[in-house]
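Everything on this sheet refers to the single structure shown next.
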Amino acid sequence: MARPIVGIIGNSYLLNDQYPVHAGGQMNSDAISEVSGCVPLIIPSDPRHVSVAELLDICDGFLLTGGRPNVHPEEYGEAETAAHGEFDRARDAIALPLVRACVERGQPFLGICRGFQEVNVAMGGTLYPEIRDLPGRMNHRMPPDGSLEEKFELRHDVTFAQGGVFHDVMGAQIVRTNTLHGQGIKEPGLRIVVDGHAEDGTPEAIYVKGALGFTLAVQWHPEWDAANDPVSRPLFERFGDAVRGWTAKTDVPALKAV
């Protein structure tokens with residue numbers, strides 16, 4: 001039986017500071033193929049090349065990946081400032097309506113870092129441009145130096161709501177995660193449930209209340225060592241189950257408290 005297809009939302013980059021590419025991290029493909037059990041398909045996230053309608057027909061589920069560019073603040077009604085960093089308006093034009101369409105159809109997606117922020121903005125939420133500038137918050141950004149192992153090192157706990165969706169998926173209420181983000185949720189969007197927080201109160205795990213399908217998103221990076229990490233593996237496994245359920249148009253084990 002053919003494996004279902006998961007569209008990996010790619011980012012625009014300059015290769016060698018000159019050649020434009022659409023790219024996705026290998027660790028995302030590894031997690032989707034090896035842990036979720038699906039075919040990873042990197043999507044050129046640009047409305048000149050693909051439409052949301054086409055993607056919904058081609059793919060069975062979607063991975064909304066992290067990336068250096070941020071969601072443009074105009075998407076949530078705020079003016080651009082230097083603190084908002086770099087942008088990818090082409091990705092905004094694909095990812096935000098794609099999230100809304102998946103919520104409406106019940107088609108599964110998993111959001112990571114920027115993808116987590118896209119889910120919130122797509123549902124009408126807003127973002128802080130820089131979490132570390134807020135009183136009482138820690139620096140959630142990736143360390144500037146060190147090996148990949150050091151940059152993706154687990155750094156803080158996330159506590160989930162007792163008996164909630166993520167508690168059910170993880171089998172634990174408190175888990176240890178990495179942290180590699182600058183922005184974060186300011187106001188949750190309509191139907192966005194913040195189901196997990198970092199030690200400093202920063203939202204780290206969300207889902208869409210009442211959605212027909214899998215809509216989980218996390219602010220950390222579970223794609224790192226997903227096959228071996230006890231927090232990452234169940235998240236990608238449950239996502240794979242949801243994608244197969246969508247493909248077969250059959251029921252999958254329900255998520256609690258949705």
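Labels for the structure tokens follow display order: chains A, B, ..., residues from 1 in each chain, ligands from 1.
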Any chance you could tabulate, as CSV, the residues of range 32-93 of chain A at most 8 Å from range 227-239 of chain A with each one's nearest atom pair and distance in Å to one decimal, using only C-alpha atoms, in chain and rising number order?
```
residue,atom,partner,partner_atom,distance
A:Ile32,CA,A:Phe236,CA,7.1
A:Glu34,CA,A:Ala227,CA,7.0
A:Val35,CA,A:Glu237,CA,5.8
A:Ser36,CA,A:Glu237,CA,4.8
A:Gly37,CA,A:Glu237,CA,7.9
```
### Message
Using only C-alpha atoms, which protein or nucleic acid residues come within 10 Å of range 154-167 of chain A? Drop anything in the same chain fewer than 4 positions from it, and give the result as a PyMOL selection string.
### Response
chain A and resi 138+140+149-150+171-180+193-207+216-218+220-221+235+254-258
### Task
Output as an MDAnalysis selection string all residues of range 90-225 of chain A that backbone DSSP marks as strand (DSSP E).
chainID A and resid 109:112 126:128 156:160 174:177 184:187 192:198 203:208 217:218
#### Entry: Selection: 7 Å around range 63-75 of chain A, only C-alpha atoms, excl. self and same-chain fewer than 3 positions, as a PyMOL selection string
chain A and resi 6-9+11+78-80+85-89+92+109-115+118
Step one, run DSSP on the backbone; step two, keep only residues of range 20-242 of chain A assigned to helix (DSSP H, G or I); then write them as a PDB file with C-alpha atoms, in the first residue's frame.
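Output contents, as saved in result_35.pdb:
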```
ATOM      1  CA  GLN A  26      16.539  17.249   5.829  1.00  0.00           C
ATOM      2  CA  MET A  27      15.547  16.569   9.433  1.00  0.00           C
ATOM      3  CA  ASN A  28      11.938  17.447   8.509  1.00  0.00           C
ATOM      4  CA  SER A  29      11.966  14.879   5.710  1.00  0.00           C
ATOM      5  CA  ASP A  30      13.596  12.315   8.005  1.00  0.00           C
ATOM      6  CA  ALA A  31      10.898  12.774  10.644  1.00  0.00           C
ATOM      7  CA  ILE A  32       8.038  12.492   8.152  1.00  0.00           C
ATOM      8  CA  SER A  33       9.489   9.459   6.375  1.00  0.00           C
ATOM      9  CA  GLU A  34      10.995   7.522   9.263  1.00  0.00           C
ATOM     10  CA  VAL A  35       8.646   8.356  12.141  1.00  0.00           C
ATOM     11  CA  SER A  36       5.324   9.432  10.582  1.00  0.00           C
ATOM     12  CA  VAL A  52      -3.926  26.027  -2.036  1.00  0.00           C
ATOM     13  CA  ALA A  53      -6.584  24.062  -3.937  1.00  0.00           C
ATOM     14  CA  GLU A  54      -3.904  22.116  -5.814  1.00  0.00           C
ATOM     15  CA  LEU A  55      -1.991  21.343  -2.638  1.00  0.00           C
ATOM     16  CA  LEU A  56      -5.097  20.057  -0.884  1.00  0.00           C
ATOM     17  CA  ASP A  57      -5.652  17.619  -3.742  1.00  0.00           C
ATOM     18  CA  ILE A  58      -2.028  16.494  -4.077  1.00  0.00           C
ATOM     19  CA  PRO A  73       2.959  41.744  10.798  1.00  0.00           C
ATOM     20  CA  GLU A  74       0.509  43.130   8.231  1.00  0.00           C
ATOM     21  CA  GLU A  75      -1.060  39.659   8.323  1.00  0.00           C
ATOM     22  CA  TYR A  76      -2.197  40.393  11.897  1.00  0.00           C
ATOM     23  CA  ALA A  82      13.100  46.321  12.475  1.00  0.00           C
ATOM     24  CA  ALA A  83      12.350  43.958  15.375  1.00  0.00           C
ATOM     25  CA  HIS A  84      10.152  41.817  13.114  1.00  0.00           C
ATOM     26  CA  ARG A  89       5.498  37.047   1.820  1.00  0.00           C
ATOM     27  CA  ALA A  90       5.145  34.263  -0.758  1.00  0.00           C
ATOM     28  CA  ARG A  91       5.050  31.676   2.013  1.00  0.00           C
ATOM     29  CA  ASP A  92       2.541  33.823   3.930  1.00  0.00           C
ATOM     30  CA  ALA A  93       0.301  33.774   0.860  1.00  0.00           C
ATOM     31  CA  ILE A  94       0.305  29.965   0.777  1.00  0.00           C
ATOM     32  CA  ALA A  95       0.582  28.869   4.402  1.00  0.00           C
ATOM     33  CA  LEU A  96      -2.052  31.078   6.029  1.00  0.00           C
ATOM     34  CA  PRO A  97      -4.968  30.198   3.716  1.00  0.00           C
ATOM     35  CA  LEU A  98      -3.766  26.575   3.692  1.00  0.00           C
ATOM     36  CA  VAL A  99      -4.142  26.386   7.482  1.00  0.00           C
ATOM     37  CA  ARG A 100      -7.675  27.772   7.296  1.00  0.00           C
ATOM     38  CA  ALA A 101      -8.618  25.361   4.511  1.00  0.00           C
ATOM     39  CA  CYS A 102      -7.249  22.370   6.434  1.00  0.00           C
ATOM     40  CA  VAL A 103      -9.167  23.371   9.550  1.00  0.00           C
ATOM     41  CA  GLU A 104     -12.376  23.600   7.522  1.00  0.00           C
ATOM     42  CA  ARG A 105     -11.815  20.270   5.711  1.00  0.00           C
ATOM     43  CA  ARG A 114       7.175  29.498  12.311  1.00  0.00           C
ATOM     44  CA  GLY A 115       4.446  26.983  11.476  1.00  0.00           C
ATOM     45  CA  PHE A 116       3.147  27.320  15.040  1.00  0.00           C
ATOM     46  CA  GLN A 117       3.024  31.084  14.531  1.00  0.00           C
ATOM     47  CA  GLU A 118       1.310  30.659  11.147  1.00  0.00           C
ATOM     48  CA  VAL A 119      -1.465  28.611  12.738  1.00  0.00           C
ATOM     49  CA  ASN A 120      -2.105  31.331  15.300  1.00  0.00           C
ATOM     50  CA  VAL A 121      -2.045  34.155  12.741  1.00  0.00           C
ATOM     51  CA  ALA A 122      -4.195  32.210  10.269  1.00  0.00           C
ATOM     52  CA  ILE A 131      10.036  37.277  23.252  1.00  0.00           C
ATOM     53  CA  ARG A 132      13.325  37.951  25.053  1.00  0.00           C
ATOM     54  CA  ASP A 133      12.476  41.665  25.303  1.00  0.00           C
ATOM     55  CA  LEU A 148      24.022  21.432  15.636  1.00  0.00           C
ATOM     56  CA  GLU A 149      23.827  19.141  18.650  1.00  0.00           C
ATOM     57  CA  GLU A 150      24.574  22.095  20.918  1.00  0.00           C
ATOM     58  CA  LYS A 151      22.152  24.415  19.118  1.00  0.00           C
ATOM     59  CA  VAL A 165      -4.571  17.026  23.966  1.00  0.00           C
ATOM     60  CA  PHE A 166      -0.789  17.165  24.338  1.00  0.00           C
ATOM     61  CA  HIS A 167      -0.854  15.356  27.676  1.00  0.00           C
ATOM     62  CA  ASP A 168      -2.666  12.560  25.852  1.00  0.00           C
ATOM     63  CA  VAL A 169      -0.245  12.482  22.910  1.00  0.00           C
ATOM     64  CA  MET A 170       2.921  12.622  25.025  1.00  0.00           C
ATOM     65  CA  SER A 232       9.261  14.145  19.326  1.00  0.00           C
ATOM     66  CA  ARG A 233       8.532  10.566  18.363  1.00  0.00           C
ATOM     67  CA  PRO A 234       4.942  10.308  19.706  1.00  0.00           C
ATOM     68  CA  LEU A 235       4.086  13.663  18.124  1.00  0.00           C
ATOM     69  CA  PHE A 236       5.201  12.558  14.649  1.00  0.00           C
ATOM     70  CA  GLU A 237       3.710   9.094  15.126  1.00  0.00           C
ATOM     71  CA  ARG A 238       0.308  10.530  16.005  1.00  0.00           C
ATOM     72  CA  PHE A 239       0.541  12.916  13.060  1.00  0.00           C
ATOM     73  CA  GLY A 240       1.283   9.978  10.755  1.00  0.00           C
ATOM     74  CA  ASP A 241      -1.759   8.136  12.121  1.00  0.00           C
ATOM     75  CA  ALA A 242      -3.905  11.187  11.386  1.00  0.00           C
TER      76      ALA A 242
END
```
### Task
Give me, please, the distance in Å between CA of Val208 in chain A and CA of Ile43 in chain A, quoted to one decimal.
23.4 Å
